[in-house]
$ cat upload-v6.cif   # mmCIF, C-alpha atoms
data_target
#
loop_
_atom_site.label_atom_id
_atom_site.label_comp_id
_atom_site.auth_asym_id
_atom_site.auth_seq_id
_atom_site.Cartn_x
_atom_site.Cartn_y
_atom_site.Cartn_z
CA MET A 741 93.45 98.93 119.50
CA PHE A 742 91.83 96.13 121.53
CA PHE A 743 94.71 94.51 123.42
CA CYS A 744 97.71 95.71 125.40
CA SER A 745 100.87 95.39 123.31
CA ASN A 746 102.88 95.02 126.52
CA CYS A 747 101.00 92.25 128.37
CA GLY A 748 98.21 91.07 126.03
CA ALA A 749 95.25 91.97 128.29
CA GLU A 750 92.20 93.75 126.88
CA VAL A 751 92.52 97.52 127.01
CA VAL A 752 89.83 99.98 128.07
CA GLU A 753 89.27 103.58 126.98
CA LYS A 754 89.58 106.04 129.84
CA ILE A 755 90.94 109.49 130.61
CA PRO A 756 94.04 108.97 132.78
CA ALA A 757 94.47 111.02 135.96
CA GLY A 758 95.96 114.41 135.10
CA ASP A 759 95.07 114.01 131.42
CA SER A 760 92.15 115.38 129.41
CA ARG A 761 91.90 112.87 126.58
CA LEU A 762 90.60 109.34 126.16
CA ARG A 763 93.47 106.87 125.93
CA HIS A 764 93.74 103.14 125.55
CA ILE A 765 94.77 101.92 128.99
CA CYS A 766 95.78 98.50 130.26
CA GLU A 767 94.45 98.01 133.76
CA ARG A 768 96.55 94.87 134.23
CA CYS A 769 100.01 96.35 133.64
CA ASP A 770 99.07 100.06 133.93
CA THR A 771 100.40 100.97 130.49
CA ILE A 772 98.86 104.00 128.76
CA HIS A 773 98.99 103.56 125.00
CA TYR A 774 99.33 106.99 123.42
CA GLN A 775 98.57 107.45 119.74
CA ASN A 776 100.17 110.33 117.89
CA PRO A 777 100.28 111.79 114.38
CA LYS A 778 102.67 110.36 111.83
CA ILE A 779 105.08 112.26 109.63
CA VAL A 780 104.92 111.74 105.88
CA ALA A 781 108.13 113.02 104.28
CA GLY A 782 108.54 113.61 100.58
CA CYS A 783 110.18 115.57 97.78
CA LEU A 784 109.38 117.94 94.98
CA PRO A 785 112.16 116.66 92.69
CA VAL A 786 113.25 119.26 90.16
CA TRP A 787 115.14 118.57 86.93
CA GLU A 788 115.80 121.66 84.85
CA ASP A 789 112.33 123.26 84.61
CA ARG A 790 110.38 120.09 85.21
CA LEU A 791 109.09 118.14 88.22
CA LEU A 792 109.16 114.40 88.75
CA LEU A 793 105.84 112.77 89.57
CA CYS A 794 104.99 109.12 90.24
CA ARG A 795 101.85 107.24 89.24
CA ARG A 796 100.74 105.06 92.14
CA ALA A 797 100.79 101.28 91.79
CA ILE A 798 99.12 100.81 95.19
CA GLU A 799 95.92 101.74 96.95
CA PRO A 800 94.69 104.22 97.94
CA ARG A 801 94.45 106.21 94.73
CA PHE A 802 95.88 103.51 92.49
CA GLY A 803 96.76 104.96 89.08
CA LEU A 804 96.81 108.60 90.19
CA TRP A 805 99.84 110.90 90.24
CA THR A 806 101.73 111.91 93.35
CA LEU A 807 104.97 113.37 94.61
CA PRO A 808 107.31 110.73 96.09
CA ALA A 809 106.51 110.62 99.82
CA GLY A 810 105.90 108.15 102.60
CA PHE A 811 105.97 107.47 106.31
CA MET A 812 109.13 108.55 108.11
CA GLU A 813 110.84 105.64 109.86
CA ASN A 814 112.33 105.46 113.32
CA GLY A 815 116.05 106.28 113.33
CA GLU A 816 116.09 108.70 110.43
CA SER A 817 115.87 112.46 109.96
CA THR A 818 113.09 114.16 108.02
CA GLU A 819 115.47 114.81 105.10
CA GLN A 820 116.70 111.23 105.08
CA ALA A 821 113.10 110.04 105.02
CA ALA A 822 112.22 112.32 102.10
CA ALA A 823 115.29 111.21 100.10
CA ARG A 824 114.70 107.53 100.88
CA GLU A 825 111.09 107.68 99.75
CA THR A 826 112.16 109.32 96.49
CA LEU A 827 114.70 106.56 95.94
CA GLU A 828 112.15 103.85 96.73
CA GLU A 829 109.27 105.21 94.68
CA ALA A 830 111.13 106.76 91.75
CA CYS A 831 114.61 105.15 91.88
CA ALA A 832 115.86 108.74 91.87
CA GLU A 833 118.67 110.26 93.88
CA VAL A 834 118.03 113.78 95.17
CA VAL A 835 120.38 116.44 96.55
CA ASP A 836 120.12 119.93 98.02
CA LEU A 837 116.93 119.28 99.98
CA ALA A 838 115.24 122.40 101.36
CA LEU A 839 112.16 122.27 103.55
CA TYR A 840 109.26 123.72 101.61
CA GLY A 841 105.94 122.72 103.15
CA VAL A 842 104.68 121.52 106.51
CA PHE A 843 101.07 120.49 106.04
CA SER A 844 99.06 119.31 109.03
CA ILE A 845 96.14 117.08 108.13
CA PRO A 846 94.37 116.72 111.48
CA HIS A 847 91.51 114.45 110.39
CA ILE A 848 93.92 111.71 109.31
CA ASN A 849 96.56 112.40 111.99
CA GLN A 850 99.34 113.12 109.53
CA VAL A 851 101.88 115.89 109.06
CA TYR A 852 103.42 116.10 105.60
CA MET A 853 106.92 117.53 105.36
CA MET A 854 107.74 118.29 101.75
CA PHE A 855 111.24 119.24 100.56
CA ARG A 856 112.25 120.94 97.36
CA ALA A 857 115.10 118.90 95.92
CA CYS A 858 117.23 118.55 92.82
CA LEU A 859 117.50 115.30 90.92
CA ALA A 860 121.15 114.28 91.05
CA SER A 861 120.97 113.05 87.46
CA GLY A 862 118.32 112.56 84.84
CA ASN A 863 117.98 108.95 86.01
CA PHE A 864 114.69 107.72 87.43
CA SER A 865 112.36 104.79 86.96
CA PRO A 866 109.31 103.30 88.70
CA GLY A 867 109.92 101.68 92.08
CA GLU A 868 107.82 98.77 93.35
CA GLU A 869 104.90 100.98 94.41
CA THR A 870 104.93 103.03 91.22
CA LEU A 871 103.45 102.35 87.77
CA GLU A 872 105.18 105.17 85.95
CA THR A 873 107.59 108.06 86.64
CA ARG A 874 107.68 111.12 84.44
CA LEU A 875 108.97 114.70 84.33
CA PHE A 876 106.26 117.33 83.91
CA SER A 877 106.43 120.95 82.78
CA GLU A 878 103.92 123.22 84.47
CA HIS A 879 101.42 123.06 81.62
CA GLU A 880 101.59 119.25 81.63
CA ILE A 881 100.77 118.68 85.32
CA PRO A 882 97.79 116.28 85.50
CA TRP A 883 95.78 118.46 87.90
CA GLU A 884 92.66 116.32 87.58
CA GLN A 885 94.54 113.10 88.28
CA LEU A 886 96.49 113.97 91.42
CA ALA A 887 96.29 111.43 94.23
CA PHE A 888 95.92 113.66 97.30
CA PRO A 889 94.94 117.24 98.21
CA VAL A 890 98.40 117.74 99.77
CA VAL A 891 100.03 117.02 96.41
CA ARG A 892 97.85 119.61 94.72
CA ARG A 893 98.56 122.16 97.47
CA THR A 894 102.33 121.60 97.24
CA LEU A 895 102.33 121.98 93.46
CA GLU A 896 100.11 125.08 93.60
CA ARG A 897 102.43 126.77 96.10
CA TYR A 898 105.49 125.81 94.06
CA TYR A 899 104.25 127.30 90.82
CA GLN A 900 103.03 130.44 92.63
CA ASP A 901 106.42 130.91 94.29
CA LEU A 902 108.30 130.15 91.10
CA LYS A 903 106.81 133.35 89.63
CA GLY A 904 107.84 135.32 92.74
CA ASP A 905 111.18 135.95 94.32
CA GLY A 906 111.76 133.04 96.64
CA PHE A 907 110.53 129.87 98.31
CA PRO A 908 109.31 130.49 101.84
CA VAL A 909 108.45 127.53 104.06
CA HIS A 910 104.68 127.07 103.95
CA VAL A 911 103.03 125.96 107.18
CA GLU A 912 99.41 125.17 106.48
CA ASP A 913 96.54 122.91 107.45
CA ILE A 914 94.62 120.77 105.03
CA LEU A 915 91.10 120.23 106.34
CA ARG A 916 88.51 117.68 105.33
CA HIS A 917 85.90 120.22 104.26
CA PRO A 918 87.37 123.41 102.87
CA PRO A 919 85.61 126.38 104.51
CA ARG A 920 83.06 128.09 102.27
CA ARG A 921 82.02 131.71 102.37
CA ALA A 922 78.92 132.16 104.54
CA GLY A 923 75.88 132.21 102.29
CA GLY A 924 78.08 132.21 99.23
CA ALA A 925 78.06 129.96 96.24
CA LEU A 926 80.84 127.41 95.76
CA MET B 576 105.87 95.43 121.90
CA PHE B 577 105.11 91.81 122.78
CA PHE B 578 101.45 91.29 121.84
CA CYS B 579 99.23 92.20 118.90
CA SER B 580 97.05 95.19 119.80
CA ASN B 581 94.45 93.95 117.32
CA CYS B 582 93.97 90.30 118.36
CA GLY B 583 96.12 89.78 121.49
CA ALA B 584 98.40 87.06 120.05
CA GLU B 585 102.16 87.21 120.60
CA VAL B 586 103.97 89.14 117.88
CA VAL B 587 107.20 88.15 116.15
CA GLU B 588 109.91 90.36 114.63
CA LYS B 589 110.29 89.81 110.89
CA ILE B 590 110.93 91.71 107.69
CA PRO B 591 107.63 91.67 105.78
CA ALA B 592 107.61 90.78 102.08
CA GLY B 593 108.49 93.84 100.01
CA ASP B 594 109.90 95.65 103.06
CA SER B 595 113.49 96.07 104.26
CA ARG B 596 113.02 96.63 107.98
CA LEU B 597 112.22 94.48 110.98
CA ARG B 598 108.62 94.98 112.09
CA HIS B 599 106.46 93.55 114.80
CA ILE B 600 104.10 91.21 112.97
CA CYS B 601 101.11 89.21 114.14
CA GLU B 602 101.02 85.86 112.38
CA ARG B 603 97.50 85.17 113.64
CA CYS B 604 95.69 88.21 112.20
CA ASP B 605 98.43 89.30 109.74
CA THR B 606 98.72 92.80 111.18
CA ILE B 607 102.03 94.62 110.71
CA HIS B 608 102.64 97.03 113.59
CA TYR B 609 104.65 99.97 112.29
CA GLN B 610 106.43 102.27 114.71
CA ASN B 611 107.21 105.82 113.65
CA PRO B 612 108.79 108.99 115.04
CA LYS B 613 106.72 111.31 117.18
CA ILE B 614 106.39 115.07 116.81
CA VAL B 615 107.16 117.28 119.79
CA ALA B 616 105.69 120.74 119.23
CA GLY B 617 106.62 123.78 121.25
CA CYS B 618 107.07 127.53 121.44
CA LEU B 619 109.71 130.16 121.96
CA PRO B 620 107.35 132.60 123.69
CA VAL B 621 108.53 136.21 123.41
CA TRP B 622 107.44 139.09 125.62
CA GLU B 623 109.12 142.38 124.80
CA ASP B 624 112.83 141.43 124.73
CA ARG B 625 112.52 138.42 126.97
CA LEU B 626 111.74 134.71 126.54
CA LEU B 627 109.51 132.55 128.70
CA LEU B 628 111.07 129.38 130.08
CA CYS B 629 109.60 126.68 132.31
CA ARG B 630 111.33 124.73 135.05
CA ARG B 631 110.30 121.09 134.83
CA ALA B 632 108.28 119.50 137.63
CA ILE B 633 108.52 116.05 136.01
CA GLU B 634 111.13 113.56 134.97
CA PRO B 635 113.23 113.40 132.90
CA ARG B 636 115.31 116.45 133.80
CA PHE B 637 113.25 117.44 136.83
CA GLY B 638 114.20 120.94 137.99
CA LEU B 639 115.87 122.00 134.72
CA TRP B 640 114.68 124.75 132.38
CA THR B 641 112.95 124.14 129.08
CA LEU B 642 110.83 125.77 126.41
CA PRO B 643 107.18 124.75 126.61
CA ALA B 644 106.80 121.72 124.31
CA GLY B 645 105.25 118.29 124.24
CA PHE B 646 103.89 115.47 122.12
CA MET B 647 101.52 116.50 119.37
CA GLU B 648 98.11 114.80 119.72
CA ASN B 649 95.95 113.19 117.08
CA GLY B 650 93.41 115.60 115.60
CA GLU B 651 95.43 118.79 115.94
CA SER B 652 97.78 120.83 113.76
CA THR B 653 101.42 121.47 114.63
CA GLU B 654 100.60 125.07 115.61
CA GLN B 655 97.66 124.01 117.74
CA ALA B 656 99.91 121.50 119.50
CA ALA B 657 102.59 124.12 120.19
CA ALA B 658 100.04 126.61 121.54
CA ARG B 659 98.29 123.97 123.66
CA GLU B 660 101.56 122.83 125.23
CA THR B 661 102.40 126.44 126.09
CA LEU B 662 99.00 126.85 127.71
CA GLU B 663 99.37 123.59 129.65
CA GLU B 664 102.92 124.09 130.85
CA ALA B 665 103.02 127.85 131.37
CA CYS B 666 99.32 128.88 131.49
CA ALA B 667 100.29 131.32 128.76
CA GLU B 668 98.36 132.22 125.63
CA VAL B 669 100.48 132.71 122.50
CA VAL B 670 99.69 134.37 119.17
CA ASP B 671 101.44 134.92 115.83
CA LEU B 672 103.14 131.53 115.73
CA ALA B 673 105.86 131.21 113.06
CA LEU B 674 107.72 127.96 112.41
CA TYR B 675 111.31 128.41 113.47
CA GLY B 676 113.03 125.06 113.95
CA VAL B 677 112.55 121.49 112.75
CA PHE B 678 114.98 119.35 114.68
CA SER B 679 115.20 115.64 113.92
CA ILE B 680 116.55 113.57 116.79
CA PRO B 681 116.93 110.15 115.16
CA HIS B 682 118.25 108.24 118.18
CA ILE B 683 115.09 108.92 120.17
CA ASN B 684 112.70 108.88 117.20
CA GLN B 685 111.46 112.42 117.72
CA VAL B 686 111.06 115.49 115.53
CA TYR B 687 110.80 118.78 117.39
CA MET B 688 108.85 121.56 115.70
CA MET B 689 109.51 124.83 117.48
CA PHE B 690 107.54 128.00 116.76
CA ARG B 691 108.45 131.58 117.55
CA ALA B 692 105.41 133.11 119.24
CA CYS B 693 104.29 136.22 121.07
CA LEU B 694 102.78 136.06 124.52
CA ALA B 695 99.27 137.47 124.21
CA SER B 696 99.65 139.20 127.57
CA GLY B 697 102.15 139.31 130.37
CA ASN B 698 100.17 136.55 132.11
CA PHE B 699 101.78 133.20 132.79
CA SER B 700 102.16 130.82 135.68
CA PRO B 701 103.34 127.25 136.27
CA GLY B 702 101.13 124.48 134.89
CA GLU B 703 100.91 121.04 136.50
CA GLU B 704 104.17 119.81 134.99
CA THR B 705 106.07 123.00 135.80
CA LEU B 706 107.74 124.22 139.00
CA GLU B 707 108.35 127.78 137.91
CA THR B 708 107.82 130.03 134.87
CA ARG B 709 109.96 133.07 134.26
CA LEU B 710 110.93 135.61 131.59
CA PHE B 711 114.64 135.71 130.77
CA SER B 712 116.75 138.33 129.04
CA GLU B 713 119.58 136.92 126.94
CA HIS B 714 122.21 137.39 129.64
CA GLU B 715 120.00 135.65 132.20
CA ILE B 716 119.41 132.41 130.23
CA PRO B 717 120.45 129.49 132.50
CA TRP B 718 122.64 127.82 129.85
CA GLU B 719 124.03 125.28 132.30
CA GLN B 720 120.60 124.25 133.54
CA LEU B 721 118.75 123.62 130.29
CA ALA B 722 116.83 120.35 130.16
CA PHE B 723 117.57 119.15 126.61
CA PRO B 724 120.06 119.75 123.78
CA VAL B 725 117.18 120.81 121.52
CA VAL B 726 116.32 123.64 123.92
CA ARG B 727 119.91 124.87 123.86
CA ARG B 728 120.03 124.64 120.06
CA THR B 729 116.78 126.58 119.66
CA LEU B 730 117.93 129.33 122.00
CA GLU B 731 121.36 129.52 120.35
CA ARG B 732 119.80 129.93 116.90
CA TYR B 733 117.35 132.51 118.20
CA TYR B 734 119.97 134.78 119.72
CA GLN B 735 122.19 134.42 116.63
CA ASP B 736 119.31 135.34 114.32
CA LEU B 737 118.19 138.17 116.56
CA LYS B 738 121.49 139.91 115.77
CA GLY B 739 120.98 139.34 112.03
CA ASP B 740 118.24 140.40 109.68
CA GLY B 741 115.60 137.70 109.95
CA PHE B 742 114.47 134.36 111.26
CA PRO B 743 114.90 131.58 108.71
CA VAL B 744 113.41 128.16 109.40
CA HIS B 745 116.21 125.96 110.73
CA VAL B 746 116.11 122.31 109.67
CA GLU B 747 118.75 120.43 111.59
CA ASP B 748 119.58 117.10 113.17
CA ILE B 749 120.55 116.65 116.79
CA LEU B 750 122.73 113.59 117.13
CA ARG B 751 123.63 111.62 120.21
CA HIS B 752 127.36 112.29 119.96
CA PRO B 753 128.16 115.73 118.63
CA PRO B 754 130.91 115.44 115.99
CA ARG B 755 134.33 116.58 117.21
CA ARG B 756 137.11 118.02 115.12
CA ALA B 757 139.50 115.25 114.00
CA GLY B 758 142.42 115.17 116.39
CA GLY B 759 141.21 118.31 118.06
CA ALA B 760 140.58 119.01 121.70
CA LEU B 761 137.03 119.44 122.99
#
$ encode --input "upload-v6.cif" --output "structure tokens"
Amino acid sequence: MFFCSNCGAEVVEKIPAGDSRLRHICERCDTIHYQNPKIVAGCLPVWEDRLLLCRRAIEPRFGLWTLPAGFMENGESTEQAAARETLEEACAEVVDLALYGVFSIPHINQVYMMFRACLASGNFSPGEETLETRLFSEHEIPWEQLAFPVVRRTLERYYQDLKGDGFPVHVEDILRHPPRRAGGAL
Amino acid sequence: MFFCSNCGAEVVEKIPAGDSRLRHICERCDTIHYQNPKIVAGCLPVWEDRLLLCRRAIEPRFGLWTLPAGFMENGESTEQAAARETLEEACAEVVDLALYGVFSIPHINQVYMMFRACLASGNFSPGEETLETRLFSEHEIPWEQLAFPVVRRTLERYYQDLKGDGFPVHVEDILRHPPRRAGGAL
């Protein structure tokens, strides 16, 4: 951010009075421009015993597999955002959404909110940002070709819970460098 | 938003190619300025059988009671944000945070993420944005002087669940006009 979106003057970086963080401030119109994390909402779409994944037709991670997810828009709820993204990326209608994972990713200022959901029908096809949509059984999941760590984490939790007796809501952080045991090998 | 924060030119409102929503666009540097919902993170701080509320020293809703909560910052997790806000507003340290409510409020582009939490000690006092901090038993809750509908909803769910056998994660929307029964009285 270089210019004030309110008046067009150059902004400076300063800590406002009563605050403790550097903000972009306009000294002409006195606007403080806060920047906050964004929500990425998405689904784990289930059809019988398989999950629907999408192969990305856009950067980053072109060609890799992901769960349908994207930035929540103003004016919608988290569930609406997750269902809309699934419709846009996989042309698939989902029902019975249940919050499943809240994953904070502090180093990229994102919070993923992933919902378990049922495909309303067996119908799906690639949306504009998708090369290919496909249902996967557990043993078919392309673990080495997943687009993002949060997709891997969501799928890992899902298959763990599937063997247990329920689906708790997972609230976890995904950090840039996974902690390693002190002095230990990888 | 009137000016491009990247180059300072005036922005226009247009639907970008491949998009379906009006965005602020800079036709000089081709930047699309997306606007997205913000996360408000907060706590339901418990001490023995009482809850800690804060009376607001700032607008909006100056003088009314709220749960400690505020805008999540870049670089933190949702739990860190909730704990930080509790420290800032009530000078209270919380532990054992457990996600309790995800409340989408589409008409103001906010998602509240409320955590049940335990006060680490009986110590608390008003922060800079707070007039007064106090522990309330259920029958003392100032229902008619709560600052926001989301505070009421969180407290209502909490006292309902407290009489049951657990605390599920509530995922709900808070709409501007609560639906009324067709033809019914208020």
$ closest_residue --input "upload-v6.cif" --among "A:Ala838, A:Leu895, A:Leu859, A:Ala822" --to "chain B" --atoms "all atoms listed in the file"
A:Ala838
$ interface_residues --input "upload-v6.cif" --of "chain B" --to "chain A" --cutoff "9 Å" --atoms "all atoms listed in the file" --output "MDAnalysis selection string"
chainID B and resid 576:586 593 609:614 646:654 673:674 677:686 703 743:744 746:748
$ closest_residue --input "upload-v6.cif" --among "B:Pro620, B:Gly676, B:Pro591, B:Gly638" --to "B:Glu707" --atoms "only C-alpha atoms"
B:Gly638
$ atom_distance --input "upload-v6.cif" --atom1 "atom CA of B:Thr705" --atom2 "atom CA of B:Thr641"
9.7 Å
$ residues_around --input "upload-v6.cif" --residues "A:Pro866" --least-positions-apart "2" --cutoff "10 Å" --atoms "all atoms listed in the file" --output "JSON, numbers by chain"
{"A": [794, 795, 796, 797, 827, 828, 829, 830, 831, 832, 864, 868, 869, 870, 871, 872, 873, 874]}
$ write_last_selection --input "upload-v6.cif" --atoms "C-alpha atoms" --output "short mmCIF file (atom, residue, chain, number, x, y, z; two decimals), keeping the file's coordinate frame"
data_model
loop_
_atom_site.label_atom_id
_atom_site.label_comp_id
_atom_site.auth_asym_id
_atom_site.auth_seq_id
_atom_site.Cartn_x
_atom_site.Cartn_y
_atom_site.Cartn_z
CA CYS A 794 104.99 109.12 90.24
CA ARG A 795 101.85 107.24 89.24
CA ARG A 796 100.74 105.06 92.14
CA ALA A 797 100.79 101.28 91.79
CA LEU A 827 114.70 106.56 95.94
CA GLU A 828 112.15 103.85 96.73
CA GLU A 829 109.27 105.21 94.68
CA ALA A 830 111.13 106.76 91.75
CA CYS A 831 114.61 105.15 91.88
CA ALA A 832 115.86 108.74 91.87
CA PHE A 864 114.69 107.72 87.43
CA GLU A 868 107.82 98.77 93.35
CA GLU A 869 104.90 100.98 94.41
CA THR A 870 104.93 103.03 91.22
CA LEU A 871 103.45 102.35 87.77
CA GLU A 872 105.18 105.17 85.95
CA THR A 873 107.59 108.06 86.64
CA ARG A 874 107.68 111.12 84.44
#
$ atom_distance --input "upload-v6.cif" --atom1 "atom CA of B:Ile633" --atom2 "atom CA of B:Thr661"
15.6 Å
$ atom_distance --input "upload-v6.cif" --atom1 "atom CA of B:Phe723" --atom2 "atom CA of A:Asp770"
27.6 Å
$ residues_around --input "upload-v6.cif" --residues "A:His773" --least-positions-apart "2" --cutoff "8 Å" --atoms "only C-alpha atoms" --output "VMD selection string"
chain A and resid 744 763 to 766 771 775
$ residues_around --input "upload-v6.cif" --residues "A:Lys903" --least-positions-apart "6" --cutoff "12 Å" --atoms "all atoms listed in the file" --output "PyMOL selection string"
chain A and resi 878+896-897
$ closest_residue --input "upload-v6.cif" --among "B:Glu602, B:Trp718, B:Ala656, B:Arg691" --to "B:Asp736" --atoms "all atoms listed in the file"
B:Arg691
$ residues_near_point --input "upload-v6.cif" --point "(118.1, 117.3, 89.3)" --cutoff "12 Å" --atoms "only C-alpha atoms" --output "PyMOL selection string"
chain A and resi 783-792+832-837+856-864+875
$ write_last_selection --input "upload-v6.cif" --atoms "C-alpha atoms" --output "mmCIF file, in the frame of the given file"
data_model
loop_
_atom_site.group_PDB
_atom_site.id
_atom_site.type_symbol
_atom_site.label_atom_id
_atom_site.label_comp_id
_atom_site.auth_asym_id
_atom_site.auth_seq_id
_atom_site.Cartn_x
_atom_site.Cartn_y
_atom_site.Cartn_z
ATOM 1 C CA CYS A 783 110.180 115.570 97.780
ATOM 2 C CA LEU A 784 109.380 117.940 94.980
ATOM 3 C CA PRO A 785 112.160 116.660 92.690
ATOM 4 C CA VAL A 786 113.250 119.260 90.160
ATOM 5 C CA TRP A 787 115.140 118.570 86.930
ATOM 6 C CA GLU A 788 115.800 121.660 84.850
ATOM 7 C CA ASP A 789 112.330 123.260 84.610
ATOM 8 C CA ARG A 790 110.380 120.090 85.210
ATOM 9 C CA LEU A 791 109.090 118.140 88.220
ATOM 10 C CA LEU A 792 109.160 114.400 88.750
ATOM 11 C CA ALA A 832 115.860 108.740 91.870
ATOM 12 C CA GLU A 833 118.670 110.260 93.880
ATOM 13 C CA VAL A 834 118.030 113.780 95.170
ATOM 14 C CA VAL A 835 120.380 116.440 96.550
ATOM 15 C CA ASP A 836 120.120 119.930 98.020
ATOM 16 C CA LEU A 837 116.930 119.280 99.980
ATOM 17 C CA ARG A 856 112.250 120.940 97.360
ATOM 18 C CA ALA A 857 115.100 118.900 95.920
ATOM 19 C CA CYS A 858 117.230 118.550 92.820
ATOM 20 C CA LEU A 859 117.500 115.300 90.920
ATOM 21 C CA ALA A 860 121.150 114.280 91.050
ATOM 22 C CA SER A 861 120.970 113.050 87.460
ATOM 23 C CA GLY A 862 118.320 112.560 84.840
ATOM 24 C CA ASN A 863 117.980 108.950 86.010
ATOM 25 C CA PHE A 864 114.690 107.720 87.430
ATOM 26 C CA LEU A 875 108.970 114.700 84.330
#
$ axis_aligned_box --input "upload-v6.cif" --around "stretch 760-764 of chain A" --padding-each-side "3 Å" --output "AutoDock Vina command-line options"
--center_x 92.2 --center_y 109.3 --center_z 127.5 --size_x 9.1 --size_y 18.2 --size_z 9.9
$ closest_residue --input "upload-v6.cif" --among "A:Met853, A:Ser865, A:Leu793, A:Gly782" --to "A:Leu886" --atoms "all atoms listed in the file"
A:Leu793
$ decode --input "upload-v6.cif" --residues "stretch 651-665 of chain B" --atoms "N, CA, C and O atoms" --output "PDB file, in the first residue's frame"
ATOM      1  N   GLU B 651      -1.418 -13.392  13.215  1.00  0.00           N
ATOM      2  CA  GLU B 651      -1.803 -14.158  14.401  1.00  0.00           C
ATOM      3  C   GLU B 651      -2.819 -15.232  14.032  1.00  0.00           C
ATOM      4  O   GLU B 651      -3.398 -15.226  12.950  1.00  0.00           O
ATOM      5  N   SER B 652      -3.017 -16.171  14.975  1.00  0.00           N
ATOM      6  CA  SER B 652      -4.044 -17.194  14.807  1.00  0.00           C
ATOM      7  C   SER B 652      -5.332 -16.691  15.445  1.00  0.00           C
ATOM      8  O   SER B 652      -5.331 -15.708  16.202  1.00  0.00           O
ATOM      9  N   THR B 653      -6.436 -17.390  15.168  1.00  0.00           N
ATOM     10  CA  THR B 653      -7.721 -16.963  15.743  1.00  0.00           C
ATOM     11  C   THR B 653      -7.665 -17.021  17.274  1.00  0.00           C
ATOM     12  O   THR B 653      -8.176 -16.120  17.943  1.00  0.00           O
ATOM     13  N   GLU B 654      -7.034 -18.057  17.829  1.00  0.00           N
ATOM     14  CA  GLU B 654      -6.939 -18.147  19.295  1.00  0.00           C
ATOM     15  C   GLU B 654      -6.071 -17.041  19.875  1.00  0.00           C
ATOM     16  O   GLU B 654      -6.384 -16.481  20.925  1.00  0.00           O
ATOM     17  N   GLN B 655      -4.959 -16.769  19.211  1.00  0.00           N
ATOM     18  CA  GLN B 655      -4.102 -15.675  19.679  1.00  0.00           C
ATOM     19  C   GLN B 655      -4.870 -14.356  19.667  1.00  0.00           C
ATOM     20  O   GLN B 655      -4.748 -13.542  20.582  1.00  0.00           O
ATOM     21  N   ALA B 656      -5.657 -14.138  18.632  1.00  0.00           N
ATOM     22  CA  ALA B 656      -6.429 -12.897  18.534  1.00  0.00           C
ATOM     23  C   ALA B 656      -7.431 -12.802  19.683  1.00  0.00           C
ATOM     24  O   ALA B 656      -7.582 -11.748  20.316  1.00  0.00           O
ATOM     25  N   ALA B 657      -8.123 -13.900  19.961  1.00  0.00           N
ATOM     26  CA  ALA B 657      -9.131 -13.897  21.026  1.00  0.00           C
ATOM     27  C   ALA B 657      -8.478 -13.644  22.387  1.00  0.00           C
ATOM     28  O   ALA B 657      -8.992 -12.866  23.204  1.00  0.00           O
ATOM     29  N   ALA B 658      -7.337 -14.272  22.627  1.00  0.00           N
ATOM     30  CA  ALA B 658      -6.642 -14.086  23.906  1.00  0.00           C
ATOM     31  C   ALA B 658      -6.086 -12.663  24.017  1.00  0.00           C
ATOM     32  O   ALA B 658      -6.158 -12.037  25.074  1.00  0.00           O
ATOM     33  N   ARG B 659      -5.531 -12.138  22.922  1.00  0.00           N
ATOM     34  CA  ARG B 659      -4.992 -10.781  22.944  1.00  0.00           C
ATOM     35  C   ARG B 659      -6.083  -9.755  23.230  1.00  0.00           C
ATOM     36  O   ARG B 659      -5.912  -8.825  24.026  1.00  0.00           O
ATOM     37  N   GLU B 660      -7.240  -9.924  22.585  1.00  0.00           N
ATOM     38  CA  GLU B 660      -8.324  -8.972  22.806  1.00  0.00           C
ATOM     39  C   GLU B 660      -8.790  -8.998  24.265  1.00  0.00           C
ATOM     40  O   GLU B 660      -9.141  -7.967  24.833  1.00  0.00           O
ATOM     41  N   THR B 661      -8.783 -10.192  24.855  1.00  0.00           N
ATOM     42  CA  THR B 661      -9.199 -10.309  26.255  1.00  0.00           C
ATOM     43  C   THR B 661      -8.189  -9.623  27.173  1.00  0.00           C
ATOM     44  O   THR B 661      -8.558  -8.957  28.144  1.00  0.00           O
ATOM     45  N   LEU B 662      -6.923  -9.758  26.818  1.00  0.00           N
ATOM     46  CA  LEU B 662      -5.877  -9.074  27.588  1.00  0.00           C
ATOM     47  C   LEU B 662      -6.002  -7.553  27.427  1.00  0.00           C
ATOM     48  O   LEU B 662      -5.912  -6.796  28.405  1.00  0.00           O
ATOM     49  N   GLU B 663      -6.260  -7.110  26.206  1.00  0.00           N
ATOM     50  CA  GLU B 663      -6.325  -5.662  25.964  1.00  0.00           C
ATOM     51  C   GLU B 663      -7.557  -5.027  26.612  1.00  0.00           C
ATOM     52  O   GLU B 663      -7.490  -3.931  27.160  1.00  0.00           O
ATOM     53  N   GLU B 664      -8.683  -5.706  26.524  1.00  0.00           N
ATOM     54  CA  GLU B 664      -9.927  -5.078  26.966  1.00  0.00           C
ATOM     55  C   GLU B 664     -10.218  -5.316  28.443  1.00  0.00           C
ATOM     56  O   GLU B 664     -10.925  -4.516  29.066  1.00  0.00           O
ATOM     57  N   ALA B 665      -9.715  -6.416  28.980  1.00  0.00           N
ATOM     58  CA  ALA B 665     -10.049  -6.757  30.366  1.00  0.00           C
ATOM     59  C   ALA B 665      -8.810  -7.063  31.207  1.00  0.00           C
ATOM     60  O   ALA B 665      -8.947  -7.487  32.362  1.00  0.00           O
TER      61      ALA B 665
END
